[in-house]
Amino acid sequence: MNRIEKLFQNKDKNVLNIYFTAGYPGVNDTEEIILSLEKAGVDLVEVGMPYSDPLADGPTIQESGTAALENGMTLPLLFEQLAAVRKKTEMPLIMMGYFNQVMQYGERAFFEKAAEVGVDGLILPDLPLFEYETYFKDIVESLGLAVSFLITPQTEPERIRKIDELTHGFIYMVSSSSITGAKSDITDTQLAYFNRINDMQLKNKRLIGFGISNHETFATACQYANGAIIGSAYIKALTHNPKVAESTAEFVEMVLG
């Protein structure tokens, strides 16, 4: 059982997952960000792999990715940083990025390196289900990695069932048909979508992401899933105050209330 599964075994509600872009605001901030998030009470962390063509990301994460690349962040450097921080924390760590990055690194080499440095899960929004099941599922599962797939309000029930079958860890519920980015509230249409997914009684835990930004939206999302994911709002907090420990503590306290 990997660390993500252990987390959900011990905590079923109000799980807080925070995303940050590796290499932002500083190229060597990865360790301090992860340890500060853990100290502040975050349950698991998504480490974004900065990429030049982030299809699902809004302006905030795109800009942080561009800055991180300009700072000199690379996948080999990120793996080094994650190996170092893994010696200091048992918090679940997830790498989130795009399958093109995995292909450029080499699929098997990427999966093996991720497991070697202590990564627990992967989120790769552009990884097709068929290719994953056909070519990569066996190696990923043999390495003990959990893969989370995304669903949106437009995802057909048959595909959701297939995602539930292939997922280990949690299903990433995209809250609306849009790119990432903080929103002011959650609409009735979104609540109807959350209820529809609840009624499907999926086997995997579910975290709601995209548009979660503060205590109110986090609390609402937690009423309809096991927890929520925040990315852009945290990136903005780091941009406003690059003192990582200070800005992280203030941000997480605001979210948890």
# chains A, B, ... in the order shown; residues from 1 in each chain; ligands from 1
>>> select_by_dssp(residues="stretch 10-253 of chain A", states="alpha helix (DSSP H)", output="number ranges by chain")
A: 10, 30-40, 59-71, 75-86, 99-105, 107-116, 129-131, 137-142, 157-166, 188-199, 215-224, 232-240, 244-253
>>> residues_around(residues="A:Tyr172", least_positions_apart="2", cutoff="10 Å", atoms="only C-alpha atoms", output="ChimeraX atom specification")
/A:123,125,148-152,167,169-170,174-175,205-210,228-229
>>> write_last_selection(atoms="N, CA and C atoms", output="compact mmCIF listing (two decimals), in the first residue's frame")
# COMPACT_ATOMS: atom_id res chain seq x y z
N ILE A 123 -0.21 12.29 -12.19
CA ILE A 123 -1.37 12.83 -12.89
C ILE A 123 -0.86 13.36 -14.22
N PRO A 125 -2.73 14.50 -17.53
CA PRO A 125 -4.04 14.71 -18.16
C PRO A 125 -4.13 14.28 -19.63
N SER A 148 -3.85 8.84 -11.17
CA SER A 148 -5.17 9.46 -11.08
C SER A 148 -5.55 10.03 -12.43
N PHE A 149 -6.74 9.68 -12.90
CA PHE A 149 -7.26 10.24 -14.14
C PHE A 149 -8.30 11.31 -13.83
N LEU A 150 -8.52 12.18 -14.81
CA LEU A 150 -9.44 13.30 -14.63
C LEU A 150 -10.80 12.99 -15.25
N ILE A 151 -11.85 13.49 -14.58
CA ILE A 151 -13.18 13.50 -15.19
C ILE A 151 -13.70 14.94 -15.17
N THR A 152 -14.57 15.26 -16.10
CA THR A 152 -15.16 16.60 -16.20
C THR A 152 -16.68 16.45 -16.27
N THR A 167 -8.00 3.65 -12.18
CA THR A 167 -7.40 4.57 -11.22
C THR A 167 -6.98 3.86 -9.94
N GLY A 169 -5.57 5.43 -6.21
CA GLY A 169 -5.27 6.67 -5.51
C GLY A 169 -6.55 7.46 -5.35
N PHE A 170 -6.85 8.31 -6.34
CA PHE A 170 -8.10 9.07 -6.31
C PHE A 170 -8.43 9.53 -7.72
N VAL A 174 -12.56 17.41 -12.20
CA VAL A 174 -12.45 18.79 -12.68
C VAL A 174 -13.82 19.44 -12.49
N SER A 175 -13.84 20.55 -11.78
CA SER A 175 -15.13 21.11 -11.33
C SER A 175 -15.95 21.73 -12.45
N LYS A 205 -11.70 7.13 -4.14
CA LYS A 205 -11.93 8.42 -3.51
C LYS A 205 -11.90 9.49 -4.60
N ARG A 206 -12.48 10.66 -4.30
CA ARG A 206 -12.56 11.74 -5.29
C ARG A 206 -12.13 13.06 -4.67
N LEU A 207 -11.31 13.79 -5.41
CA LEU A 207 -10.92 15.15 -5.02
C LEU A 207 -11.35 16.10 -6.12
N ILE A 208 -11.92 17.23 -5.72
CA ILE A 208 -12.41 18.22 -6.68
C ILE A 208 -11.36 19.31 -6.87
N GLY A 209 -11.02 19.58 -8.12
CA GLY A 209 -10.05 20.61 -8.44
C GLY A 209 -10.53 21.55 -9.53
N PHE A 210 -9.76 22.57 -9.81
CA PHE A 210 -10.06 23.65 -10.77
C PHE A 210 -11.10 24.59 -10.14
N ALA A 228 -10.37 18.36 -1.72
CA ALA A 228 -10.23 19.25 -2.86
C ALA A 228 -8.76 19.57 -3.14
N ILE A 229 -8.55 20.09 -4.34
CA ILE A 229 -7.21 20.41 -4.83
C ILE A 229 -7.15 21.91 -5.13
>>> residues_around(residues="A:Thr155", least_positions_apart="2", cutoff="12 Å", atoms="only C-alpha atoms", output="mmCIF file with N, CA and C atoms, in the first residue's frame")
data_model
loop_
_atom_site.group_PDB
_atom_site.id
_atom_site.type_symbol
_atom_site.label_atom_id
_atom_site.label_comp_id
_atom_site.auth_asym_id
_atom_site.auth_seq_id
_atom_site.Cartn_x
_atom_site.Cartn_y
_atom_site.Cartn_z
ATOM 1 N N PHE A 149 -6.738 9.678 -12.903
ATOM 2 C CA PHE A 149 -7.256 10.236 -14.144
ATOM 3 C C PHE A 149 -8.297 11.308 -13.832
ATOM 4 N N LEU A 150 -8.518 12.176 -14.806
ATOM 5 C CA LEU A 150 -9.441 13.298 -14.634
ATOM 6 C C LEU A 150 -10.801 12.993 -15.253
ATOM 7 N N ILE A 151 -11.850 13.485 -14.584
ATOM 8 C CA ILE A 151 -13.182 13.502 -15.189
ATOM 9 C C ILE A 151 -13.698 14.937 -15.166
ATOM 10 N N THR A 152 -14.569 15.255 -16.104
ATOM 11 C CA THR A 152 -15.157 16.602 -16.196
ATOM 12 C C THR A 152 -16.679 16.450 -16.268
ATOM 13 N N PRO A 153 -17.406 17.563 -16.227
ATOM 14 C CA PRO A 153 -18.872 17.465 -16.356
ATOM 15 C C PRO A 153 -19.310 16.814 -17.659
ATOM 16 N N PRO A 157 -20.672 8.536 -18.750
ATOM 17 C CA PRO A 157 -20.673 7.560 -17.651
ATOM 18 C C PRO A 157 -19.815 6.327 -17.933
ATOM 19 N N GLU A 158 -19.856 5.830 -19.173
ATOM 20 C CA GLU A 158 -19.068 4.633 -19.502
ATOM 21 C C GLU A 158 -17.571 4.891 -19.300
ATOM 22 N N ARG A 159 -17.129 6.096 -19.712
ATOM 23 C CA ARG A 159 -15.711 6.443 -19.538
ATOM 24 C C ARG A 159 -15.379 6.638 -18.055
ATOM 25 N N ILE A 160 -16.315 7.197 -17.303
ATOM 26 C CA ILE A 160 -16.073 7.371 -15.864
ATOM 27 C C ILE A 160 -15.886 6.007 -15.196
ATOM 28 N N ARG A 161 -16.711 5.038 -15.595
ATOM 29 C CA ARG A 161 -16.564 3.680 -15.030
ATOM 30 C C ARG A 161 -15.196 3.091 -15.384
ATOM 31 N N LYS A 162 -14.745 3.335 -16.602
ATOM 32 C CA LYS A 162 -13.434 2.827 -17.014
ATOM 33 C C LYS A 162 -12.322 3.515 -16.222
ATOM 34 N N ILE A 163 -12.456 4.827 -16.033
ATOM 35 C CA ILE A 163 -11.468 5.560 -15.237
ATOM 36 C C ILE A 163 -11.453 5.025 -13.801
ATOM 37 N N MET A 173 -11.645 15.139 -9.975
ATOM 38 C CA MET A 173 -12.880 15.693 -10.533
ATOM 39 C C MET A 173 -12.654 17.149 -10.926
ATOM 40 N N VAL A 174 -12.559 17.412 -12.204
ATOM 41 C CA VAL A 174 -12.452 18.787 -12.678
ATOM 42 C C VAL A 174 -13.824 19.440 -12.492
ATOM 43 N N SER A 175 -13.841 20.552 -11.780
ATOM 44 C CA SER A 175 -15.127 21.109 -11.334
ATOM 45 C C SER A 175 -15.952 21.725 -12.448
ATOM 46 N N SER A 176 -15.300 22.122 -13.535
ATOM 47 C CA SER A 176 -16.033 22.759 -14.623
ATOM 48 C C SER A 176 -15.258 22.564 -15.921
ATOM 49 N N SER A 177 -15.899 22.877 -17.012
ATOM 50 C CA SER A 177 -15.260 22.707 -18.323
ATOM 51 C C SER A 177 -14.401 23.920 -18.637
ATOM 52 N N TYR A 193 -23.555 18.425 -10.991
ATOM 53 C CA TYR A 193 -22.521 17.491 -11.500
ATOM 54 C C TYR A 193 -21.910 16.702 -10.345
ATOM 55 N N ARG A 196 -24.328 14.092 -9.271
ATOM 56 C CA ARG A 196 -24.436 13.011 -10.262
ATOM 57 C C ARG A 196 -23.296 12.003 -10.086
ATOM 58 N N ILE A 197 -22.094 12.501 -9.840
ATOM 59 C CA ILE A 197 -20.956 11.601 -9.643
ATOM 60 C C ILE A 197 -21.100 10.842 -8.325
#
>>> atom_distance(atom1="atom CA of A:Gly211", atom2="atom CA of A:Pro128")
24.0 Å
>>> closest_residue(among="A:Phe251, A:Asp164, A:Met1, A:Phe130", to="A:Leu202", atoms="only C-alpha atoms")
A:Asp164
>>> closest_residue(among="A:Leu145, A:Ile94, A:Ala192, A:Ile186", to="A:Val45", atoms="only C-alpha atoms")
A:Ile94
>>> select_by_dssp(residues="stretch 49-218 of chain A", states="strand (DSSP E or B)", output="ChimeraX atom specification")
/A:93-96,121-123,146-147,150-151,170-174,205-209
>>> closest_residue(among="A:Ala67, A:Val147, A:Met91, A:Val119", to="A:Leu7", atoms="only C-alpha atoms")
A:Met91
>>> closest_residue(among="A:Lys137, A:Tyr224, A:Thr89, A:Ser213", to="A:Tyr19", atoms="only C-alpha atoms")
A:Ser213
>>> atom_distance(atom1="atom CA of A:Thr60", atom2="atom CA of A:Pro76")
24.1 Å
>>> residues_around(residues="A:Ala109", least_positions_apart="4", cutoff="12 Å", atoms="only C-alpha atoms", output="number ranges by chain")
A: 75-76, 79, 101-105, 113-116, 136, 139-140, 143
>>> residues_around(residues="A:Lys6", least_positions_apart="6", cutoff="12 Å", atoms="only C-alpha atoms", output="PyMOL selection string")
chain A and resi 12+43-44+90-92+120+146+168-170
>>> write_last_selection(atoms="all heavy atoms", output="mmCIF file, in the first residue's frame")
data_model
loop_
_atom_site.group_PDB
_atom_site.id
_atom_site.type_symbol
_atom_site.label_atom_id
_atom_site.label_comp_id
_atom_site.auth_asym_id
_atom_site.auth_seq_id
_atom_site.Cartn_x
_atom_site.Cartn_y
_atom_site.Cartn_z
ATOM 1 N N ASP A 12 -10.929 10.241 5.486
ATOM 2 C CA ASP A 12 -11.920 10.073 4.422
ATOM 3 C C ASP A 12 -12.540 11.394 3.967
ATOM 4 O O ASP A 12 -13.131 11.463 2.898
ATOM 5 C CB ASP A 12 -13.017 9.129 4.907
ATOM 6 C CG ASP A 12 -13.903 8.647 3.785
ATOM 7 O OD1 ASP A 12 -13.360 8.222 2.752
ATOM 8 O OD2 ASP A 12 -15.138 8.715 3.935
ATOM 9 N N ASP A 43 -2.481 17.614 3.325
ATOM 10 C CA ASP A 43 -2.466 16.151 3.380
ATOM 11 C C ASP A 43 -1.621 15.500 2.295
ATOM 12 O O ASP A 43 -1.035 14.447 2.509
ATOM 13 C CB ASP A 43 -3.901 15.619 3.280
ATOM 14 C CG ASP A 43 -4.748 16.098 4.443
ATOM 15 O OD1 ASP A 43 -4.427 15.741 5.586
ATOM 16 O OD2 ASP A 43 -5.721 16.844 4.206
ATOM 17 N N LEU A 44 -1.613 16.073 1.110
ATOM 18 C CA LEU A 44 -0.776 15.562 0.031
ATOM 19 C C LEU A 44 -0.452 16.702 -0.928
ATOM 20 O O LEU A 44 -1.139 17.724 -0.940
ATOM 21 C CB LEU A 44 -1.400 14.381 -0.707
ATOM 22 C CG LEU A 44 -2.613 14.583 -1.581
ATOM 23 C CD1 LEU A 44 -2.740 13.409 -2.560
ATOM 24 C CD2 LEU A 44 -3.872 14.660 -0.738
ATOM 25 N N GLU A 90 7.136 11.854 5.027
ATOM 26 C CA GLU A 90 6.393 10.694 4.543
ATOM 27 C C GLU A 90 5.073 11.140 3.914
ATOM 28 O O GLU A 90 4.198 10.312 3.654
ATOM 29 C CB GLU A 90 6.118 9.720 5.695
ATOM 30 C CG GLU A 90 7.321 8.874 6.081
ATOM 31 C CD GLU A 90 7.807 7.997 4.922
ATOM 32 O OE1 GLU A 90 7.007 7.227 4.369
ATOM 33 O OE2 GLU A 90 9.000 8.108 4.562
ATOM 34 N N MET A 91 4.916 12.437 3.684
ATOM 35 C CA MET A 91 3.698 12.925 3.050
ATOM 36 C C MET A 91 3.598 12.407 1.611
ATOM 37 O O MET A 91 4.607 12.375 0.901
ATOM 38 C CB MET A 91 3.689 14.459 3.050
ATOM 39 C CG MET A 91 2.383 15.049 2.536
ATOM 40 S SD MET A 91 2.217 16.812 2.907
ATOM 41 C CE MET A 91 3.660 17.462 2.083
ATOM 42 N N PRO A 92 2.406 12.014 1.156
ATOM 43 C CA PRO A 92 2.260 11.565 -0.238
ATOM 44 C C PRO A 92 2.644 12.662 -1.221
ATOM 45 O O PRO A 92 2.240 13.814 -1.069
ATOM 46 C CB PRO A 92 0.768 11.238 -0.341
ATOM 47 C CG PRO A 92 0.316 10.989 1.058
ATOM 48 C CD PRO A 92 1.139 11.904 1.908
ATOM 49 N N ASP A 120 4.708 8.967 -5.121
ATOM 50 C CA ASP A 120 3.643 7.995 -4.867
ATOM 51 C C ASP A 120 2.620 7.918 -5.993
ATOM 52 O O ASP A 120 1.970 6.889 -6.153
ATOM 53 C CB ASP A 120 2.910 8.366 -3.571
ATOM 54 C CG ASP A 120 3.872 8.485 -2.417
ATOM 55 O OD1 ASP A 120 4.418 7.450 -1.986
ATOM 56 O OD2 ASP A 120 4.118 9.624 -1.952
ATOM 57 N N ALA A 146 0.577 5.170 -8.044
ATOM 58 C CA ALA A 146 -0.858 5.351 -8.232
ATOM 59 C C ALA A 146 -1.074 6.387 -9.328
ATOM 60 O O ALA A 146 -0.436 7.437 -9.323
ATOM 61 C CB ALA A 146 -1.504 5.827 -6.935
ATOM 62 N N HIS A 168 -5.837 4.301 -9.422
ATOM 63 C CA HIS A 168 -5.424 3.910 -8.068
ATOM 64 C C HIS A 168 -5.020 5.202 -7.371
ATOM 65 O O HIS A 168 -4.217 5.965 -7.886
ATOM 66 C CB HIS A 168 -4.252 2.939 -8.106
ATOM 67 C CG HIS A 168 -4.617 1.589 -8.599
ATOM 68 N ND1 HIS A 168 -5.251 0.644 -7.824
ATOM 69 C CD2 HIS A 168 -4.492 1.018 -9.814
ATOM 70 C CE1 HIS A 168 -5.460 -0.444 -8.521
ATOM 71 N NE2 HIS A 168 -5.014 -0.244 -9.752
ATOM 72 N N GLY A 169 -5.565 5.429 -6.213
ATOM 73 C CA GLY A 169 -5.274 6.669 -5.507
ATOM 74 C C GLY A 169 -6.552 7.464 -5.346
ATOM 75 O O GLY A 169 -7.280 7.293 -4.367
ATOM 76 N N PHE A 170 -6.850 8.314 -6.337
ATOM 77 C CA PHE A 170 -8.096 9.065 -6.310
ATOM 78 C C PHE A 170 -8.428 9.528 -7.717
ATOM 79 O O PHE A 170 -7.546 9.630 -8.577
ATOM 80 C CB PHE A 170 -8.002 10.273 -5.371
ATOM 81 C CG PHE A 170 -6.967 11.285 -5.779
ATOM 82 C CD1 PHE A 170 -7.281 12.340 -6.642
ATOM 83 C CD2 PHE A 170 -5.667 11.197 -5.296
ATOM 84 C CE1 PHE A 170 -6.314 13.271 -7.013
ATOM 85 C CE2 PHE A 170 -4.696 12.119 -5.665
ATOM 86 C CZ PHE A 170 -5.023 13.168 -6.524
#
>>> atom_distance(atom1="atom CA of A:Met96", atom2="atom CA of A:Asp188")
28.9 Å
>>> closest_residue(among="A:Ile61, A:Leu166, A:Met73, A:Ile212", to="A:Ala22", atoms="only C-alpha atoms")
A:Met73
